[in-house]
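Since the structure comes first, as structure tokens, the remarks are kept for the end.
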Amino acid sequence: MRTFRAARPRVLLTALAAGALLLTSACNDTAKPSQDQAAGASAPGTTSPTATPPPTPTPKPTGEADPALQPFYGQQIAWADCPADPTAEKLKIDTSGMQCGKLHVPLDYANPGTDAIDLALVKYPAAKPDQRIGSLMVNPGGPGESGVGMVEYGAKDFTGTLHNRFDVIGFDPRGTGDSSPVVCYDDKQRDAADQQDAPLDLATRKAEHVKQATEHAAACQAKSGRLLPFVGTRNTARDLDVLRAVSGDKKLNYLGVSYGTYLGSLYAEEFPKNTGRLVLDGAVDPSQDTMDHGVDQQVGFEKSFERFAADCVENHADECPLGKDPAKAAKKAADFLDGLYDHPLTVKDGRKLGRDLAWTGTIQALYGDEKTSWKYLRAALGWAMVRGKGDYLMDSADGYNGRDENGHYSPMQESNGAISCADAARPAPTPEHAKQAVDRLTAEAPLLSKGTTVDDYSEAGCAYWPFKTTEKPHTIRAEGAAPILVVGSTGDPATPYASAEALAKGFASATLLTRVGEGHGAFGKGNVCIDRALEAYLTEGTMPADGTRCS
């Protein structure tokens with residue numbers, strides 16, 4: 001299951017450095033007062049008060065306690081049979097037992113009576129109603145991935161204990177999928193943009209970045225300006241609490257993968273008393289600077305790429321196009337992918353597979369592991385390197401970019417950028433910080449970061465975005481929340497294992513469960529040890545022993 005969006009090498013690595021729209025998860029907090037404000041300093045020209053300070057204002061009611069939100073918390077979902085899904089039928093997935101519905105939520109929680117939107121829902125009713133213990137809400141990551149799709153197309157991952165005991169409920173978060181999605185471009189514009197490789201020359205690259213970022217912001221503002229200030233994850237956490245309540249659950253039981261761990265973390269921060277059993281798998285560290293997180297991702301994917309290439313040579317020599325030396329295999333593949341800048345391959349539908357799309361297809365395959373997508377990547381590289389055909393790599397890139405076989409794009413990538421900028425606006429790094437990032441990339445990810453310079457890191461994040469957020473990275477304690485289960489995988493390239501360690505350590509009460517293995521996330525990977533631990537926690541509340549590692 002592909003979840004958290006990694007920055008794409010070359011075009012998006014330089015965009016990340018320059019502070020453009022980041023296809024990564026951003027983890028933040030509300031704006032904090034200045035030091036003077038925090039210290040209670042008086043404004044210039046005034047005298048510090050000596051009298052008793054005024055009483056602290058009574059906090060405004062939130063959630064179910066807010067009278068203005070009662071119409072939303074009191075609604076009833078009109079569940080009905082889901083409409084026919086051609087994609088599910090093509091994949092031979094039976095969705096006949098599922099129900100679909102809509103959740104009505106305020107666009108702006110500060111002014112709930114002014115405007116509202118509907119969120120798309122799907123429910124996979126408990127297989128054994130007499131054993132049902134409630135609902136299990138799920139989110140697959142992104143930001144921008146469809147929770148409806150996670151349930152419809154991933155139903156087999158819940159088969160057994162989880163589906164027996166829970167109504168599994170997926171939803172498309174605000175700004176995504178069928179929930180008032182952010183839209184910026186049409187399909188032809190997306191095709192044209194994706195086929196453009198980022199320039200090699202720094203000055204040209206920076207000028208092109210400014211042009212693209214400015215035009216992108218204007219396009220999104222023109223088509224989705226009403227939504228942009230309200231698509232951040234904190235509002236989605238509030239939506240999740242409405243969904244919990246109208247589903248009849250006193251406490252939220254939740255499985256979030258990748259970026260979904262940030263959503264779950266913010267929920268626990270916003271509604272600690274409403275948390276039930278939360279599983280946060282493939283964890284995002286909410287306290288980490290977004291630039292540092294992007295660097296961690298590049299290093300993670302470089303290591304995964306090297307392990308894939310060595311495995312290709314050592315264990316699959318008969319189908320591996322990367323030579324006979326495991327130590328040189330990754331560079332051979334990278335040199336080929338980079339060479340597509342000057343010599344792109346034409347695929348069956350006439351599009352050009354250049355350097356950036358080829359790297360995107362490669363990265364997409366590295367979300368899996370040696371038992372799943374590595375086999376596909378061996379074939380895709382062999383097809384391209386030996387036969388000069390880039391169709392398999394292009395198909396993989398299309399999967400990452402949300403393009404279907406008819407040339408239609410889902411709103412996933414545009415939603416991703418909008419949510420990321422609503423969740424964080426990284427300030428421009430200091431020259432020292434930028435140099436540290438480039439030095440680390442040069443040392444630990446030379447293949448994926450080739451050509452990146454300190455000058456690429458000169459701008460603040462989301463510098464051209466029309467909506468300026470006040471959210472900032474911070475440690476989430478979630479004091480008062482029920483114990484949380486954090487899951488991390490040692491070979492996860494998209495959300496490195498250190499992020500899971502940091503997230504678990506930050507919570508007031510959490511346990512870290514470790515999967516030893518490749519690929520992004522642990523849920524749905526067929527690891528019996530992980531599956532049993534998740535089932536025991538979600539259905540019985542039994543935490544795995546601290547330090548449990550599943551090989």
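Chain lettering (A, B, ...) mirrors the order of the structure tokens, residue numbering begins at 1 for each chain separately, and ligand numbering begins at 1 in order of display.
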Nearby residues (only C-alpha atoms) at most 12 Å from Tyr109 (chain A), same-chain spacing under 2 positions excluded, as a ChimeraX atom specification
/A:61-63,66,68-69,72,105-107,111-117,229-232,234-239,242
Write out as a PyMOL selection string which residues come within 7 Å of region 347-361 of chain A when counting only C-alpha atoms, dropping same-chain ones fewer than 3 positions away.
chain A and resi 8-11+194-195+197+337-341+344+364-365+389-391+393-394+396-397
What lies within 6 Å of Leu278 (chain A) using only C-alpha atoms, ignoring chain neighbours under 4 positions off, as a JSON list (two decimals) with N, CA and C atoms, in the first residue's frame?
```json
[["chain", "number", "residue", "atom", "x", "y", "z"],
["A", 253, "ASN", "N", -11.47, 4.58, 17.85],
["A", 253, "ASN", "CA", -10.52, 3.52, 17.51],
["A", 253, "ASN", "C", -10.04, 3.80, 16.09],
["A", 254, "TYR", "N", -8.72, 3.79, 15.89],
["A", 254, "TYR", "CA", -8.18, 4.37, 14.66],
["A", 254, "TYR", "C", -6.91, 3.66, 14.24],
["A", 484, "ILE", "N", -1.13, 4.82, 23.34],
["A", 484, "ILE", "CA", -1.10, 4.77, 21.87],
["A", 484, "ILE", "C", -0.04, 3.77, 21.42]]
```
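Here the residues within region 383-503 of chain A that DSSP labels strand (DSSP E or B) on the basis of the backbone are Arg403, Tyr409, Ile484, Leu485, Val486, Val487, Gly488, Ser489, Thr490 and Gly491 of chain A.
Within the 8 Å cut-off around Pro427 (chain A), using only C-alpha atoms and omitting residues fewer than 3 positions from it on the same chain, the listed residues are Glu459, Ala460 and Gly461 of chain A.
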Keeping N, CA and C atoms for every residue in the selection just given, could you write it to a file as a PDB file, in the first residue's frame?
```pdb
ATOM      1  N   GLU A 459      15.024  29.508  -0.151  1.00  0.00           N
ATOM      2  CA  GLU A 459      13.699  30.067   0.114  1.00  0.00           C
ATOM      3  C   GLU A 459      12.981  29.385   1.262  1.00  0.00           C
ATOM      4  N   ALA A 460      12.001  30.094   1.788  1.00  0.00           N
ATOM      5  CA  ALA A 460      11.106  29.498   2.771  1.00  0.00           C
ATOM      6  C   ALA A 460      10.160  28.517   2.088  1.00  0.00           C
ATOM      7  N   GLY A 461       9.659  27.567   2.853  1.00  0.00           N
ATOM      8  CA  GLY A 461       8.698  26.621   2.301  1.00  0.00           C
ATOM      9  C   GLY A 461       7.388  27.311   1.963  1.00  0.00           C
TER      10      GLY A 461
END
```
Write out as a ChimeraX atom specification which residues come within 7 Å of region 325-330 of chain A when counting only C-alpha atoms, dropping same-chain ones fewer than 6 positions away.
/A:305-306,309-310,313-314
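Counting from CA of Asp292 (chain A), the distance to CA of Arg426 (chain A) is 10.6 Å.
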Which of A:Leu255, A:Lys435, A:Gly170, A:Leu447 sits closest to Ala333 (chain A) [using only C-alpha atoms]
A:Leu447
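Comparing A:Leu121, A:Pro466, A:His293, A:Ala481 by their smallest distance to Gly225 (chain A), the closest is A:Pro466 (using only C-alpha atoms).
Each of A:Ala219, A:Ala334, A:Leu228, A:Leu381 was compared to Ala422 (chain A) using only C-alpha atoms, and A:Leu228 turns out to be the nearest.
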Looking at only C-alpha atoms, which of A:Leu119, A:Met98, A:Ala536, A:Cys462 is the one that sits closest to His209 (chain A)?
A:Cys462
Looking at only C-alpha atoms, which of A:Glu479, A:Glu471, A:Glu269, A:Glu370 is the one that sits closest to Ser420 (chain A)?
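Closest residue, counting only C-alpha atoms: A:Glu471.
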Tell me, as a VMD selection string, which residues lie within 9 Å of Arg378 (chain A), counting only C-alpha atoms; anything in the same chain fewer than 5 positions away does not count.
chain A and resid 308 to 309 312 316 319 to 321 373 383
Just asking: which residues within region 274-507 of chain A are alpha helix (DSSP H) according to DSSP, as a PyMOL selection string?
chain A and resi 290-315+326-339+355-365+373-387+391-401+412-423+431-444+497-506
Can those selected residues be exported to a file as a compact mmCIF listing (two decimals), in the first residue's frame so that it contains C-alpha atoms?
```
# COMPACT_ATOMS: atom_id res chain seq x y z
CA THR A 290 10.25 19.73 7.21
CA MET A 291 13.54 20.28 5.39
CA ASP A 292 15.30 17.82 7.70
CA HIS A 293 12.50 15.35 7.15
CA GLY A 294 12.92 15.67 3.39
CA VAL A 295 16.64 14.98 3.73
CA ASP A 296 15.87 11.93 5.88
CA GLN A 297 13.56 10.66 3.15
CA GLN A 298 16.18 11.05 0.44
CA VAL A 299 18.70 9.17 2.57
CA GLY A 300 16.10 6.48 3.32
CA PHE A 301 15.27 5.94 -0.34
CA GLU A 302 18.94 5.94 -1.32
CA LYS A 303 19.64 3.14 1.18
CA SER A 304 16.60 1.21 -0.03
CA PHE A 305 17.73 1.71 -3.64
CA GLU A 306 21.18 0.37 -2.79
CA ARG A 307 19.73 -2.68 -1.01
CA PHE A 308 17.42 -3.34 -3.96
CA ALA A 309 20.29 -3.12 -6.45
CA ALA A 310 22.55 -5.41 -4.42
CA ASP A 311 19.73 -7.94 -4.01
CA CYS A 312 19.11 -7.77 -7.77
CA VAL A 313 22.72 -8.75 -8.56
CA GLU A 314 23.25 -11.25 -5.75
CA ASN A 315 19.94 -13.14 -5.78
CA PRO A 326 26.71 -5.53 -6.04
CA ALA A 327 28.75 -2.50 -4.96
CA LYS A 328 28.35 -0.86 -8.38
CA ALA A 329 24.80 -1.94 -9.18
CA ALA A 330 22.97 1.09 -7.72
CA LYS A 331 25.21 3.56 -9.55
CA LYS A 332 24.70 1.72 -12.82
CA ALA A 333 20.95 2.04 -12.43
CA ALA A 334 21.21 5.69 -11.38
CA ASP A 335 23.44 6.54 -14.35
CA PHE A 336 20.86 5.03 -16.68
CA LEU A 337 18.00 6.94 -15.08
CA ASP A 338 19.97 10.19 -15.18
CA GLY A 339 20.83 9.56 -18.83
CA ARG A 355 14.82 11.40 -15.96
CA ASP A 356 12.33 12.67 -13.38
CA LEU A 357 9.46 10.37 -14.34
CA ALA A 358 11.84 7.38 -14.43
CA TRP A 359 13.13 8.19 -10.96
CA THR A 360 9.54 8.64 -9.79
CA GLY A 361 8.65 5.16 -11.04
CA THR A 362 11.71 3.75 -9.28
CA ILE A 363 10.87 5.46 -5.99
CA GLN A 364 7.30 4.24 -6.23
CA ALA A 365 8.51 0.63 -6.36
CA SER A 373 7.49 -4.57 -5.73
CA TRP A 374 11.22 -5.25 -6.01
CA LYS A 375 10.43 -7.95 -8.56
CA TYR A 376 8.43 -5.41 -10.57
CA LEU A 377 11.28 -2.91 -10.42
CA ARG A 378 13.80 -5.48 -11.69
CA ALA A 379 11.56 -6.12 -14.68
CA ALA A 380 10.89 -2.42 -15.28
CA LEU A 381 14.59 -1.53 -15.25
CA GLY A 382 15.44 -4.51 -17.43
CA TRP A 383 12.74 -3.59 -19.93
CA ALA A 384 14.11 -0.04 -20.11
CA MET A 385 17.85 -0.71 -19.95
CA VAL A 386 18.00 -3.77 -22.21
CA ARG A 387 15.07 -3.25 -24.58
CA ASP A 391 6.41 1.54 -20.32
CA TYR A 392 6.77 -0.28 -16.99
CA LEU A 393 8.64 2.58 -15.36
CA MET A 394 6.03 4.99 -16.73
CA ASP A 395 3.23 2.84 -15.33
CA SER A 396 4.91 2.93 -11.93
CA ALA A 397 5.30 6.71 -12.13
CA ASP A 398 1.63 7.01 -13.10
CA GLY A 399 0.72 5.09 -9.96
CA TYR A 400 2.68 7.55 -7.85
CA ASN A 401 1.19 10.55 -9.63
CA MET A 412 -4.03 13.31 -4.90
CA GLN A 413 -0.94 15.36 -5.77
CA GLU A 414 -2.70 18.72 -5.77
CA SER A 415 -4.35 17.86 -2.45
CA ASN A 416 -0.96 16.84 -1.12
CA GLY A 417 0.61 20.20 -1.86
CA ALA A 418 -2.31 22.17 -0.45
CA ILE A 419 -2.48 20.16 2.78
CA SER A 420 1.29 20.30 3.22
CA CYS A 421 1.27 24.09 2.93
CA ALA A 422 -1.70 24.34 5.30
CA ASP A 423 0.22 22.24 7.80
CA PRO A 431 23.18 29.16 5.43
CA GLU A 432 24.64 26.82 8.05
CA HIS A 433 21.50 24.65 8.12
CA ALA A 434 21.36 24.51 4.33
CA LYS A 435 25.03 23.50 4.14
CA GLN A 436 24.47 20.76 6.71
CA ALA A 437 21.60 19.39 4.62
CA VAL A 438 23.61 19.37 1.38
CA ASP A 439 26.68 17.91 3.09
CA ARG A 440 24.58 15.06 4.44
CA LEU A 441 22.94 14.42 1.07
CA THR A 442 26.32 14.40 -0.64
CA ALA A 443 27.65 11.89 1.86
CA GLU A 444 24.60 9.65 2.32
CA TYR A 497 12.44 4.26 11.78
CA ALA A 498 13.90 7.14 13.82
CA SER A 499 10.63 9.02 13.26
CA ALA A 500 8.67 6.24 14.95
CA GLU A 501 11.07 6.30 17.88
CA ALA A 502 10.68 10.07 18.21
CA LEU A 503 6.88 9.99 17.96
CA ALA A 504 6.54 7.28 20.61
CA LYS A 505 8.96 9.07 22.92
CA GLY A 506 7.07 12.35 22.58
```
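Counting only C-alpha atoms, the residue from A:Phe271, A:Phe166, A:Phe523, A:Tyr464 that sits nearest to Thr214 (chain A) is A:Tyr464.
Between CA of Leu266 (chain A) and CA of Arg174 (chain A) the interatomic distance comes to 15.3 Å.
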CA of Ala127 (chain A) and CA of Val279 (chain A), how far apart in Å?
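Between CA of Val279 (chain A) and CA of Ala127 (chain A) the gap works out to 21.2 Å.
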Give me the residues of region 218-296 of chain A that have any atom at most 7 Å from an atom of region 485-496 of chain A; for each, the nearest atom pair and the distance in Å, rounded to one decimal. Use only C-alpha atoms, sort by chain and number, and format it as a Markdown table.
```
| residue | atom | partner | partner_atom | distance |
| --- | --- | --- | --- | --- |
| A:Ser258 | CA | A:Thr495 | CA | 6.9 |
| A:Leu278 | CA | A:Leu485 | CA | 6.2 |
| A:Val279 | CA | A:Leu485 | CA | 4.9 |
| A:Leu280 | CA | A:Val486 | CA | 4.8 |
| A:Asp281 | CA | A:Val487 | CA | 4.5 |
| A:Gly282 | CA | A:Gly488 | CA | 5.2 |
| A:Ala283 | CA | A:Thr495 | CA | 6.1 |
| A:Val284 | CA | A:Thr495 | CA | 6.1 |
```
